[in-house]
Amino acid sequence: MTSTLDSHALVGSHARRLNRVIDHVEAHLADDLRLDHLARLAAYSPFHLHRVFRAWTGETLRDFVRRRRLETAGIRLRYDPALTVREVAVTCGFASAETFARAFRQHFGVTPSAWRQSALQRPPQHRTTGGPDRDAATPTLGKVTLQQLPQREVLYWRVQGDYSDVVAPLWVRFKPWVHALGLGDQPMLGMGLDDPAIAPPQHCRYDACVVLPPGWQESAQLRPSRKRVEGGWHACVRFEGPRADIGLAWSWLIDQWLPQSGFIAASGPFFETYAAGHPSDGNDDLVAELCMPVLPLGR
């Protein structure tokens with residue numbers, strides 16, 4: 001399935017408003033996310049938000065919130081062993097551990113405890129962000145370094161769908177737009193918002209972002225989707241190779257380096273940082289720095 005949520009027409013108010021709602025949900029999974037509250041955030045009536053959201057994303061807002069709470073819980077159970085099942089339930093917006101356990105089993109087919117146990121025994125997952133699945137050796141990577149990254153403001157376009165189908169075409173459209181704004185000398189970020197080892201391919205979201213210089217202001221006629229990327233400690237590794245191998249690089253970082261590192265994955269987006277002028281439009285070699293937010297184990 002190709003993208004049903006495609007905000008490359010950034011001047012459209014629907015893209016800005018829906019992205020605002022989606023980003024708010026991601027940042028406030030434990031909070032009140034009822035339709036009427038989110039409708040006020042989008043400046044829509046609840047009825048109109050329900051219709052527009054379903055038309056753009058292929059699911060109702062209620063189903064999206066429930067799915068993202070459960071998928072986020074699945075990620076935290078896998079990668080943060082210090083959290084109890086109850087703590088995961090509360091931080092993901094469930095009223096009780098019992099309610100969470102029922103919903104989790106209905107969605108994933110196993111209990112939260114069984115899911116966590118299977119994570120310790122599973123083989124590495126291949127997370128693809130721009131190339132077909134294929135058997136390949138671990139790509140050549142640089143040394144993993146810990147970096148304290150600054151907070152940044154970005155403009156972004158978002159697509160939804162199988163990463164191997166939607167990522168490369170997004171960059172083809174995004175880069176000329178960035179240059180037209182006079183931002184062609186700014187770094188760019190590629191941000192896969194969903195773990196394709198957990199989320200269905202048709203619901204995976206990817207943001208192409210350009211970092212804004214301090215004080216940059218859009219014109220009154222241009223109202224693009226804009227967001228803040230929080231800073232903090234990140235585990236970063238240099239990748240250089242075919243676009244099709246970048247998923248293998250992420251798999252190595254998450255499934256092999258992370259469990260032995262003394263760190264856990266922190267909340268916040270995982271992203272690729274590209275120098276100005278990259279990434280390439282096709283399937284040529286990429287040069288990128290893969291950045292994963294981390295916290296010390298047992299913090």
# chains A, B, ... in the order shown; residues from 1 in each chain; ligands from 1
call {"tool": "residues_around", "arguments": {"residues": "Arg34 of chain A", "least_positions_apart": "4", "cutoff": "12 Å", "atoms": "only C-alpha atoms", "output": "JSON, numbers by chain"}}
result
{"A": [21, 25, 28, 29, 30, 38, 39, 40, 41, 46, 49, 50, 61, 62, 63, 64, 65, 66, 93]}
call {"tool": "write_last_selection", "arguments": {"atoms": "C-alpha atoms", "output": "mmCIF file, in the first residue's frame"}}
result
data_model
loop_
_atom_site.group_PDB
_atom_site.id
_atom_site.type_symbol
_atom_site.label_atom_id
_atom_site.label_comp_id
_atom_site.auth_asym_id
_atom_site.auth_seq_id
_atom_site.Cartn_x
_atom_site.Cartn_y
_atom_site.Cartn_z
ATOM 1 C CA VAL A 21 -2.889 16.081 16.118
ATOM 2 C CA VAL A 25 -0.852 11.990 20.358
ATOM 3 C CA HIS A 28 0.971 12.542 25.190
ATOM 4 C CA LEU A 29 0.017 8.871 25.110
ATOM 5 C CA ALA A 30 -0.695 8.863 28.856
ATOM 6 C CA LEU A 38 -8.017 16.648 19.860
ATOM 7 C CA ALA A 39 -10.604 18.406 17.716
ATOM 8 C CA ARG A 40 -9.995 21.633 19.625
ATOM 9 C CA LEU A 41 -6.266 21.236 19.005
ATOM 10 C CA PRO A 46 -15.194 16.514 16.372
ATOM 11 C CA LEU A 49 -11.898 15.686 12.477
ATOM 12 C CA HIS A 50 -13.238 12.133 12.574
ATOM 13 C CA LEU A 61 -8.625 8.551 15.372
ATOM 14 C CA ARG A 62 -9.724 6.264 18.208
ATOM 15 C CA ASP A 63 -8.182 3.240 16.491
ATOM 16 C CA PHE A 64 -4.978 5.188 15.826
ATOM 17 C CA VAL A 65 -4.633 6.212 19.482
ATOM 18 C CA ARG A 66 -5.253 2.666 20.684
ATOM 19 C CA GLY A 93 -2.405 5.566 28.785
#
call {"tool": "residues_around", "arguments": {"residues": "Arg238 of chain A", "least_positions_apart": "4", "cutoff": "6 Å", "atoms": "only C-alpha atoms", "output": "list in words"}}
result
Leu141, Gly142, Ala288 and Glu289 of chain A
call {"tool": "select_by_dssp", "arguments": {"residues": "segment 1-198 of chain A", "states": "strand (DSSP E or B)", "output": "list in words"}}
result
Leu141, Thr145, Leu146, Gln147, Gln148, Leu149, Arg152, Glu153, Val154, Leu155, Tyr156, Trp157, Arg158, Val159, Gln160, Met188, Leu189, Gly190, Met191 and Gly192 of chain A
call {"tool": "closest_atom_pairs", "arguments": {"of": "segment 181-214 of chain A", "to": "segment 152-169 of chain A", "cutoff": "7 Å", "atoms": "only C-alpha atoms", "output": "Markdown table"}}
result
| residue | atom | partner | partner_atom | distance |
| --- | --- | --- | --- | --- |
| A:Pro201 | CA | A:Asp162 | CA | 4.6 |
| A:Gln202 | CA | A:Gly161 | CA | 4.3 |
| A:His203 | CA | A:Gly161 | CA | 5.7 |
| A:Cys204 | CA | A:Gly161 | CA | 5.3 |
| A:Arg205 | CA | A:Gln160 | CA | 4.4 |
| A:Tyr206 | CA | A:Val159 | CA | 5.5 |
| A:Asp207 | CA | A:Arg158 | CA | 4.5 |
| A:Ala208 | CA | A:Trp157 | CA | 5.4 |
| A:Cys209 | CA | A:Tyr156 | CA | 4.3 |
| A:Val210 | CA | A:Val154 | CA | 5.3 |
| A:Val211 | CA | A:Val154 | CA | 4.5 |
| A:Leu212 | CA | A:Val154 | CA | 5.4 |
call {"tool": "write_last_selection", "arguments": {"atoms": "N, CA and C atoms", "output": "PDB file, in the first residue's frame"}}
result
ATOM      1  N   PRO A 201       3.080  -2.557   7.884  1.00  0.00           N
ATOM      2  CA  PRO A 201       3.752  -1.703   6.890  1.00  0.00           C
ATOM      3  C   PRO A 201       2.894  -0.549   6.407  1.00  0.00           C
ATOM      4  N   GLN A 202       1.590  -0.773   6.240  1.00  0.00           N
ATOM      5  CA  GLN A 202       0.729   0.286   5.694  1.00  0.00           C
ATOM      6  C   GLN A 202       0.549   1.443   6.671  1.00  0.00           C
ATOM      7  N   HIS A 203       0.909   1.247   7.936  1.00  0.00           N
ATOM      8  CA  HIS A 203       0.769   2.310   8.927  1.00  0.00           C
ATOM      9  C   HIS A 203       2.100   2.942   9.327  1.00  0.00           C
ATOM     10  N   CYS A 204       3.200   2.538   8.705  1.00  0.00           N
ATOM     11  CA  CYS A 204       4.494   3.116   9.048  1.00  0.00           C
ATOM     12  C   CYS A 204       4.601   4.539   8.478  1.00  0.00           C
ATOM     13  N   ARG A 205       5.093   5.453   9.297  1.00  0.00           N
ATOM     14  CA  ARG A 205       5.193   6.857   8.900  1.00  0.00           C
ATOM     15  C   ARG A 205       6.656   7.276   8.840  1.00  0.00           C
ATOM     16  N   TYR A 206       6.963   8.139   7.882  1.00  0.00           N
ATOM     17  CA  TYR A 206       8.328   8.612   7.696  1.00  0.00           C
ATOM     18  C   TYR A 206       8.291  10.106   7.428  1.00  0.00           C
ATOM     19  N   ASP A 207       9.156  10.852   8.127  1.00  0.00           N
ATOM     20  CA  ASP A 207       9.265  12.295   7.932  1.00  0.00           C
ATOM     21  C   ASP A 207      10.590  12.634   7.270  1.00  0.00           C
ATOM     22  N   ALA A 208      10.539  13.377   6.175  1.00  0.00           N
ATOM     23  CA  ALA A 208      11.718  14.024   5.613  1.00  0.00           C
ATOM     24  C   ALA A 208      11.764  15.430   6.194  1.00  0.00           C
ATOM     25  N   CYS A 209      12.881  15.776   6.828  1.00  0.00           N
ATOM     26  CA  CYS A 209      12.966  17.036   7.572  1.00  0.00           C
ATOM     27  C   CYS A 209      14.164  17.857   7.108  1.00  0.00           C
ATOM     28  N   VAL A 210      14.042  19.171   7.199  1.00  0.00           N
ATOM     29  CA  VAL A 210      15.176  20.062   7.018  1.00  0.00           C
ATOM     30  C   VAL A 210      15.314  20.891   8.287  1.00  0.00           C
ATOM     31  N   VAL A 211      16.536  20.978   8.801  1.00  0.00           N
ATOM     32  CA  VAL A 211      16.808  21.719  10.026  1.00  0.00           C
ATOM     33  C   VAL A 211      16.798  23.210   9.728  1.00  0.00           C
ATOM     34  N   LEU A 212      16.089  23.967  10.551  1.00  0.00           N
ATOM     35  CA  LEU A 212      15.969  25.408  10.333  1.00  0.00           C
ATOM     36  C   LEU A 212      17.103  26.160  11.022  1.00  0.00           C
TER      37      LEU A 212
END
call {"tool": "residues_around", "arguments": {"residues": "Pro112 of chain A", "least_positions_apart": "5", "cutoff": "10 Å", "atoms": "only C-alpha atoms", "output": "JSON, numbers by chain"}}
result
{"A": [73, 74, 77, 78, 85, 86, 88, 89, 97, 100, 101, 102, 103, 104, 105, 117, 118]}
call {"tool": "write_last_selection", "arguments": {"atoms": "C-alpha atoms", "output": "mmCIF file, in the first residue's frame"}}
result
data_model
loop_
_atom_site.group_PDB
_atom_site.id
_atom_site.type_symbol
_atom_site.label_atom_id
_atom_site.label_comp_id
_atom_site.auth_asym_id
_atom_site.auth_seq_id
_atom_site.Cartn_x
_atom_site.Cartn_y
_atom_site.Cartn_z
ATOM 1 C CA ALA A 73 4.015 -0.427 24.913
ATOM 2 C CA GLY A 74 5.437 -3.255 22.805
ATOM 3 C CA LEU A 77 8.527 -3.939 26.959
ATOM 4 C CA ARG A 78 11.209 -5.004 24.492
ATOM 5 C CA VAL A 85 4.277 -4.216 33.010
ATOM 6 C CA ARG A 86 2.173 -1.946 35.193
ATOM 7 C CA VAL A 88 4.358 0.411 30.861
ATOM 8 C CA ALA A 89 0.559 0.311 31.040
ATOM 9 C CA ALA A 97 -2.544 -3.401 34.191
ATOM 10 C CA PHE A 100 -3.707 -3.200 29.334
ATOM 11 C CA ALA A 101 -3.090 -6.961 29.393
ATOM 12 C CA ARG A 102 -6.446 -7.693 27.739
ATOM 13 C CA ALA A 103 -5.913 -5.082 25.026
ATOM 14 C CA PHE A 104 -2.320 -6.170 24.432
ATOM 15 C CA ARG A 105 -3.246 -9.833 24.026
ATOM 16 C CA GLN A 117 10.286 -12.906 27.179
ATOM 17 C CA SER A 118 10.197 -13.567 23.428
#
call {"tool": "residues_around", "arguments": {"residues": "Phe239 of chain A", "least_positions_apart": "5", "cutoff": "10 Å", "atoms": "only C-alpha atoms", "output": "count of residues only"}}
result
16
call {"tool": "residues_around", "arguments": {"residues": "Leu181 of chain A", "least_positions_apart": "6", "cutoff": "12 Å", "atoms": "only C-alpha atoms", "output": "count of residues only"}}
result
11
call {"tool": "select_by_dssp", "arguments": {"residues": "segment 132-215 of chain A", "states": "helix (DSSP H, G or I)", "output": "PyMOL selection string"}}
result
chain A and resi 163-180+201-203
call {"tool": "residues_around", "arguments": {"residues": "Val52 of chain A", "least_positions_apart": "3", "cutoff": "12 Å", "atoms": "only C-alpha atoms", "output": "list in words"}}
result
Thr4, Leu5, Ser13, His14, Ala15, Arg17, Leu18, Asn19, Val21, Ala39, Ala42, Tyr44, Ser45, Pro46, Phe47, His48, Leu49, Ala55, Trp56, Thr57, Gly58, Glu59, Thr60 and Leu61 of chain A
call {"tool": "atom_distance", "arguments": {"atom1": "atom CA of Val178 of chain A", "atom2": "atom CA of His278 of chain A"}}
result
11.5 Å
call {"tool": "atom_distance", "arguments": {"atom1": "atom CA of Arg16 of chain A", "atom2": "atom CA of Arg173 of chain A"}}
result
17.7 Å
